[in-house]
>>> print(open('model_5.csv').read())   # CSV, C-alpha atoms
chain,number,residue,atom,x,y,z
A,22,MET,CA,-72.1,60.3,74.7
A,23,ARG,CA,-74.9,58.5,72.8
A,24,THR,CA,-76.6,55.8,74.8
A,25,ARG,CA,-79.5,53.5,74.1
A,26,ARG,CA,-82.8,54.1,75.7
A,27,ARG,CA,-83.0,52.5,79.1
A,28,PRO,CA,-84.5,49.0,78.6
A,29,THR,CA,-87.8,48.0,80.1
A,30,LEU,CA,-87.2,46.7,83.6
A,31,SER,CA,-87.4,43.1,84.5
A,32,ALA,CA,-87.5,41.4,87.9
A,33,GLN,CA,-85.1,38.7,87.0
A,34,HIS,CA,-81.4,39.0,88.1
A,35,PRO,CA,-78.5,37.9,85.8
A,36,ALA,CA,-77.1,34.5,86.4
A,37,ALA,CA,-73.8,36.3,87.0
A,38,VAL,CA,-72.1,39.7,86.5
A,39,LEU,CA,-68.7,39.6,84.8
A,40,PHE,CA,-66.5,42.6,85.4
A,41,ASP,CA,-63.6,43.9,83.4
A,42,MET,CA,-60.9,45.5,85.6
A,43,ASP,CA,-58.7,48.2,83.9
A,44,GLY,CA,-60.8,51.2,83.1
A,45,THR,CA,-64.0,49.6,84.3
A,46,LEU,CA,-63.6,48.9,88.0
A,47,VAL,CA,-60.4,50.8,88.7
A,48,ASP,CA,-58.8,53.9,87.0
A,49,SER,CA,-55.6,52.0,86.1
A,50,GLU,CA,-55.2,53.1,82.5
A,51,LYS,CA,-53.4,56.2,83.6
A,52,LEU,CA,-50.9,54.0,85.4
A,53,TRP,CA,-50.4,52.0,82.2
A,54,ASP,CA,-49.9,55.3,80.4
A,55,ILE,CA,-47.0,56.1,82.7
A,56,ALA,CA,-45.3,52.7,82.2
A,57,LEU,CA,-45.8,52.5,78.4
A,58,HIS,CA,-44.5,56.1,77.9
A,59,GLU,CA,-41.5,55.4,80.1
A,60,LEU,CA,-40.6,52.2,78.1
A,61,ALA,CA,-40.9,54.1,74.8
A,62,ALA,CA,-38.6,56.7,76.2
A,63,THR,CA,-36.1,54.0,77.3
A,64,TYR,CA,-36.1,52.8,73.7
A,65,GLY,CA,-35.5,56.4,72.5
A,66,GLY,CA,-38.9,57.0,71.1
A,67,VAL,CA,-42.3,58.5,71.9
A,68,LEU,CA,-45.5,56.4,72.0
A,69,SER,CA,-48.2,58.0,69.8
A,70,ALA,CA,-51.7,58.7,71.2
A,71,THR,CA,-53.3,56.6,68.4
A,72,THR,CA,-51.2,53.5,69.2
A,73,ARG,CA,-51.8,54.0,73.0
A,74,GLN,CA,-55.5,54.0,72.4
A,75,ALA,CA,-55.3,50.9,70.2
A,76,MET,CA,-53.6,49.0,73.1
A,77,ILE,CA,-56.5,49.4,75.6
A,78,GLY,CA,-58.1,46.1,76.3
A,79,THR,CA,-55.5,44.1,74.4
A,80,SER,CA,-53.2,41.4,75.7
A,81,MET,CA,-49.6,42.2,76.8
A,82,VAL,CA,-48.1,40.6,73.7
A,83,ALA,CA,-50.4,42.5,71.4
A,84,SER,CA,-49.6,45.8,73.2
A,85,MET,CA,-45.9,45.2,72.9
A,86,GLN,CA,-46.2,44.5,69.2
A,87,LEU,CA,-48.1,47.7,68.8
A,88,LEU,CA,-45.5,49.6,70.8
A,89,HIS,CA,-42.5,48.2,68.8
A,90,GLU,CA,-44.2,48.9,65.5
A,91,ASP,CA,-45.1,52.4,66.5
A,92,LEU,CA,-41.5,53.1,67.5
A,93,GLY,CA,-40.2,51.6,64.2
A,94,GLN,CA,-38.4,48.9,66.2
A,95,PRO,CA,-40.3,45.7,65.3
A,96,GLU,CA,-37.2,43.6,65.9
A,97,ARG,CA,-37.3,44.1,69.7
A,98,ASP,CA,-38.0,41.1,72.0
A,99,LEU,CA,-41.7,41.0,73.0
A,100,GLN,CA,-41.0,39.1,76.2
A,101,ALA,CA,-38.3,41.5,77.3
A,102,SER,CA,-40.6,44.5,76.8
A,103,ALA,CA,-43.5,42.7,78.6
A,104,ALA,CA,-41.2,41.9,81.5
A,105,TRP,CA,-40.2,45.6,81.8
A,106,ILE,CA,-43.8,46.7,81.7
A,107,ASN,CA,-44.9,44.1,84.2
A,108,ALA,CA,-42.2,45.1,86.7
A,109,ARG,CA,-43.0,48.8,86.4
A,110,ILE,CA,-46.8,48.5,86.5
A,111,LEU,CA,-46.5,46.3,89.7
A,112,GLU,CA,-44.7,49.2,91.4
A,113,LEU,CA,-47.4,51.6,90.3
A,114,PHE,CA,-50.3,49.3,91.3
A,115,ARG,CA,-48.7,48.9,94.7
A,116,ASP,CA,-48.9,52.6,95.2
A,117,GLY,CA,-52.7,52.3,95.1
A,118,LEU,CA,-55.6,52.1,92.7
A,119,GLN,CA,-58.5,54.4,92.4
A,120,TRP,CA,-62.1,53.1,91.9
A,121,ARG,CA,-63.9,54.3,88.8
A,122,PRO,CA,-67.1,56.3,89.7
A,123,GLY,CA,-69.9,54.0,90.8
A,124,ALA,CA,-67.9,50.8,90.5
A,125,LEU,CA,-67.5,50.0,94.1
A,126,THR,CA,-71.2,50.7,94.9
A,127,LEU,CA,-72.4,48.5,92.0
A,128,LEU,CA,-70.0,45.7,93.0
A,129,ARG,CA,-71.2,45.8,96.6
A,130,ALA,CA,-74.9,45.8,95.4
A,131,VAL,CA,-74.3,42.7,93.2
A,132,ARG,CA,-72.5,40.9,96.0
A,133,ALA,CA,-75.2,41.8,98.5
A,134,ALA,CA,-77.8,40.3,96.1
A,135,ARG,CA,-75.8,37.1,96.1
A,136,ILE,CA,-75.3,37.2,92.3
A,137,PRO,CA,-72.2,35.3,91.3
A,138,THR,CA,-69.4,37.6,90.0
A,139,ALA,CA,-66.2,37.1,88.0
A,140,LEU,CA,-63.3,39.4,87.2
A,141,VAL,CA,-62.4,39.0,83.5
A,142,THR,CA,-59.2,40.9,82.7
A,143,SER,CA,-56.5,41.0,80.1
A,144,SER,CA,-54.0,41.8,82.8
A,145,ALA,CA,-51.6,39.1,84.0
A,146,ARG,CA,-52.2,37.2,87.3
A,147,ALA,CA,-49.2,38.9,89.1
A,148,LEU,CA,-50.8,42.3,88.5
A,149,VAL,CA,-54.3,41.1,89.4
A,150,GLU,CA,-53.1,39.8,92.7
A,151,VAL,CA,-51.9,43.3,93.6
A,152,ALA,CA,-55.1,44.9,92.3
A,153,LEU,CA,-57.1,42.5,94.5
A,154,ASP,CA,-55.7,44.3,97.5
A,155,THR,CA,-58.0,47.2,96.4
A,156,LEU,CA,-60.8,45.2,94.8
A,157,GLY,CA,-61.2,42.8,97.6
A,158,ARG,CA,-60.2,39.1,97.4
A,159,ASN,CA,-63.7,38.1,98.4
A,160,SER,CA,-65.4,40.3,95.8
A,161,PHE,CA,-65.3,37.6,93.0
A,162,ASP,CA,-66.3,34.0,92.7
A,163,ALA,CA,-63.9,33.5,89.8
A,164,VAL,CA,-61.0,35.4,88.3
A,165,VAL,CA,-59.9,35.0,84.7
A,166,CYS,CA,-56.5,36.6,83.9
A,167,GLY,CA,-55.0,37.4,80.5
A,168,ASP,CA,-52.1,35.0,80.9
A,169,GLU,CA,-54.4,32.1,82.0
A,170,VAL,CA,-56.4,31.6,78.8
A,171,ASP,CA,-55.3,30.4,75.4
A,172,ALA,CA,-56.9,33.3,73.6
A,173,ALA,CA,-57.2,36.9,74.9
A,174,LYS,CA,-59.9,39.5,74.3
A,175,PRO,CA,-61.4,40.2,71.7
A,176,HIS,CA,-61.7,36.4,71.5
A,177,PRO,CA,-64.7,35.1,73.5
A,178,MET,CA,-62.6,32.6,75.5
A,179,PRO,CA,-62.1,34.8,78.6
A,180,TYR,CA,-65.8,35.3,79.1
A,181,LEU,CA,-66.7,31.8,78.2
A,182,THR,CA,-64.1,30.6,80.7
A,183,ALA,CA,-65.6,32.8,83.4
A,184,ALA,CA,-69.1,31.4,82.8
A,185,ARG,CA,-67.8,27.9,82.9
A,186,LEU,CA,-66.0,28.5,86.2
A,187,LEU,CA,-69.1,29.9,87.7
A,188,GLY,CA,-71.3,27.1,86.3
A,189,VAL,CA,-73.8,29.5,84.7
A,190,PRO,CA,-75.0,30.0,81.1
A,191,ILE,CA,-73.2,32.8,79.4
A,192,GLY,CA,-76.4,33.9,77.7
A,193,ARG,CA,-77.8,34.9,81.2
A,194,CYS,CA,-74.7,36.8,82.2
A,195,VAL,CA,-74.1,40.6,82.0
A,196,ALA,CA,-70.5,41.7,81.1
A,197,ILE,CA,-69.3,45.2,82.0
A,198,GLU,CA,-66.6,46.6,79.9
A,199,ASP,CA,-64.9,49.9,79.0
A,200,SER,CA,-63.1,49.2,75.7
A,201,PRO,CA,-64.1,48.1,72.2
A,202,THR,CA,-61.8,45.1,72.5
A,203,GLY,CA,-63.5,44.0,75.7
A,204,VAL,CA,-67.0,44.6,74.3
A,205,ALA,CA,-66.2,42.5,71.3
A,206,SER,CA,-65.0,39.7,73.5
A,207,ALA,CA,-68.2,39.7,75.6
A,208,LEU,CA,-70.5,40.0,72.6
A,209,ALA,CA,-68.7,37.1,70.9
A,210,ALA,CA,-69.1,35.0,74.0
A,211,GLY,CA,-72.9,35.6,74.0
A,212,ALA,CA,-73.2,37.8,77.2
A,213,ALA,CA,-75.4,40.8,77.5
A,214,VAL,CA,-73.1,43.8,77.5
A,215,LEU,CA,-72.9,47.1,79.5
A,216,ALA,CA,-70.3,49.5,78.1
A,217,VAL,CA,-68.9,52.3,80.2
A,218,PRO,CA,-66.2,53.9,78.0
A,219,ALA,CA,-63.3,55.4,79.8
A,220,GLU,CA,-60.3,56.2,77.6
A,221,VAL,CA,-61.6,55.0,74.2
A,222,PRO,CA,-65.1,55.5,72.7
A,223,VAL,CA,-67.3,52.5,72.0
A,224,GLU,CA,-69.2,52.6,68.8
A,225,PRO,CA,-73.0,52.6,69.4
A,226,CYS,CA,-74.4,49.1,68.8
A,227,ALA,CA,-77.9,47.7,69.1
A,228,ASP,CA,-76.6,44.9,71.3
A,229,VAL,CA,-74.7,47.1,73.7
A,230,HIS,CA,-76.1,49.4,76.3
A,231,GLN,CA,-73.8,52.4,77.2
A,232,LEU,CA,-73.6,54.5,80.3
A,233,ALA,CA,-71.3,57.5,81.0
A,234,SER,CA,-70.6,56.1,84.5
A,235,LEU,CA,-71.4,53.1,86.6
A,236,ALA,CA,-72.9,55.5,89.1
A,237,ALA,CA,-76.0,55.3,86.8
A,238,ALA,CA,-76.1,51.5,87.0
A,239,ASP,CA,-78.1,49.3,89.4
A,240,LEU,CA,-79.5,45.8,89.8
A,241,GLU,CA,-82.7,46.6,87.9
A,242,LEU,CA,-80.7,47.8,84.9
A,243,LEU,CA,-78.5,44.8,84.9
A,244,ALA,CA,-81.6,42.5,84.9
A,245,ALA,CA,-83.2,44.6,82.1
A,246,LEU,CA,-80.1,44.1,79.9
A,247,LEU,CA,-81.0,40.5,79.5
A,248,GLY,CA,-84.1,41.5,77.7
A,249,ASP,CA,-86.1,38.5,76.3
A,250,ARG,CA,-83.3,36.0,76.6
A,251,LEU,CA,-84.5,32.6,77.7
A,252,PRO,CA,-83.5,31.5,81.2
A,253,ASP,CA,-82.2,28.2,79.9
A,254,ALA,CA,-79.8,29.8,77.3
A,255,ALA,CA,-77.2,27.3,76.4
A,256,PHE,CA,-73.6,27.5,77.5
A,257,GLY,CA,-71.1,28.8,75.0
A,258,ALA,CA,-71.1,31.3,72.2
A,259,ARG,CA,-74.3,32.2,70.2
>>> encode(input="model_5.csv", output="structure tokens")
Amino acid sequence: MRTRRRPTLSAQHPAAVLFDMDGTLVDSEKLWDIALHELAATYGGVLSATTRQAMIGTSMVASMQLLHEDLGQPERDLQASAAWINARILELFRDGLQWRPGALTLLRAVRAARIPTALVTSSARALVEVALDTLGRNSFDAVVCGDEVDAAKPHPMPYLTAARLLGVPIGRCVAIEDSPTGVASALAAGAAVLAVPAEVPVEPCADVHQLASLAAADLELLAALLGDRLPDAAFGAR
């Protein structure tokens, strides 16, 4: 994997760290694989690998649209498919979630440093409530779920909402993401971005630092990602 050169270290911490969930903190994409392939089979089809990759990081409605189109069944009811997936994924989440490498250590370090944190996910609140049994209900000062914002990733609204809830300028926040969709959302909001690709590659970008694993991330790196941004960066998108 190509990564940018490690930035010059800075002593200043971020105003907040904003964490994506699926594929970033927990290895849940494999569970989504199970549910999505099962639903496709129920509809008498097979979900293609290309379409499955395109779903990563998107909203439930967008994912169901992709699935229906991939199966050649665009007339199917989006809400019915979403309800089926939500019920199945809840079962799979309750069986337990595995942390991504380095994720728990980094989250604990951020919390120990008393840096505000938010969970910013495209998953619905019902799924997130189950995931919080693994992630820890005291691990985040704010939680933004996909069904609680008017526009989902890649729109900047989820990350702008998290910054607003925390009362911090988005330009002094670091967002941690695993997918191109999530990265696009965080960049559009104006956050500094750390990408840790899991299932889908993230194209190299001058504004995004990439790591192969969060095991290589620490507080110094998160501070360094802010670069020369002004401490009084305005709220909202750049």
>>> atom_distance(input="model_5.csv", atom1="CA of Ile136 in chain A", atom2="CA of Ala172 in chain A")
26.5 Å
>>> atom_distance(input="model_5.csv", atom1="CA of Arg158 in chain A", atom2="CA of Phe40 in chain A")
14.0 Å
>>> residues_around(input="model_5.csv", residues="Ala36 in chain A", least_positions_apart="2", cutoff="10 Å", atoms="all atoms listed in the file", output="PyMOL selection string")
chain A and resi 33-34+38-39+136-138+184+187-195+244+247+252
>>> atom_distance(input="model_5.csv", atom1="CA of Pro201 in chain A", atom2="CA of Val223 in chain A")
5.4 Å
>>> residues_around(input="model_5.csv", residues="Tyr64 in chain A", least_positions_apart="6", cutoff="10 Å", atoms="only C-alpha atoms", output="list in words")
His58, His89, Leu92, Gln94, Arg97 and Ser102 of chain A
>>> closest_residue(input="model_5.csv", among="A:Cys166, A:Ala152, A:Ala134, A:Ala236", to="Gln119 in chain A", atoms="only C-alpha atoms")
A:Ala152
>>> residues_around(input="model_5.csv", residues="Val141 in chain A", least_positions_apart="6", cutoff="12 Å", atoms="only C-alpha atoms", output="JSON, numbers by chain")
{"A": [38, 39, 40, 41, 42, 43, 45, 46, 78, 149, 161, 162, 163, 164, 165, 166, 167, 168, 169, 170, 173, 174, 175, 177, 178, 179, 180, 181, 182, 183, 184, 186, 195, 196, 197, 198, 203, 204, 206, 207]}
>>> residues_around(input="model_5.csv", residues="Asp91 in chain A", least_positions_apart="4", cutoff="10 Å", atoms="only C-alpha atoms", output="VMD selection string")
chain A and resid 61 66 to 69 71 to 73 85 to 87 95
>>> closest_residue(input="model_5.csv", among="A:Val229, A:Leu99, A:Leu125, A:Ala37", to="Ala139 in chain A", atoms="only C-alpha atoms")
A:Ala37
>>> residues_around(input="model_5.csv", residues="Val217 in chain A", least_positions_apart="6", cutoff="8 Å", atoms="only C-alpha atoms", output="number ranges by chain")
A: 45, 197-200, 231-235
>>> write_last_selection(input="model_5.csv", atoms="C-alpha atoms", output="PDB file, in the coordinates of the input")
ATOM      1  CA  THR A  45     -64.000  49.600  84.300  1.00  0.00           C
ATOM      2  CA  ILE A 197     -69.300  45.200  82.000  1.00  0.00           C
ATOM      3  CA  GLU A 198     -66.600  46.600  79.900  1.00  0.00           C
ATOM      4  CA  ASP A 199     -64.900  49.900  79.000  1.00  0.00           C
ATOM      5  CA  SER A 200     -63.100  49.200  75.700  1.00  0.00           C
ATOM      6  CA  GLN A 231     -73.800  52.400  77.200  1.00  0.00           C
ATOM      7  CA  LEU A 232     -73.600  54.500  80.300  1.00  0.00           C
ATOM      8  CA  ALA A 233     -71.300  57.500  81.000  1.00  0.00           C
ATOM      9  CA  SER A 234     -70.600  56.100  84.500  1.00  0.00           C
ATOM     10  CA  LEU A 235     -71.400  53.100  86.600  1.00  0.00           C
TER      11      LEU A 235
END
>>> closest_residue(input="model_5.csv", among="A:Glu112, A:Asp48, A:Leu240, A:Leu88", to="Ala62 in chain A", atoms="only C-alpha atoms")
A:Leu88
>>> closest_residue(input="model_5.csv", among="A:Trp120, A:Thr126, A:His176, A:Gly65", to="Thr155 in chain A", atoms="all atoms listed in the file")
A:Trp120
>>> closest_residue(input="model_5.csv", among="A:Gly157, A:Gly248, A:Pro225, A:Gly117", to="Ala212 in chain A", atoms="all atoms listed in the file")
A:Gly248
>>> closest_residue(input="model_5.csv", among="A:Arg135, A:Arg115, A:Lys51, A:Arg109", to="Val151 in chain A", atoms="only C-alpha atoms")
A:Arg115
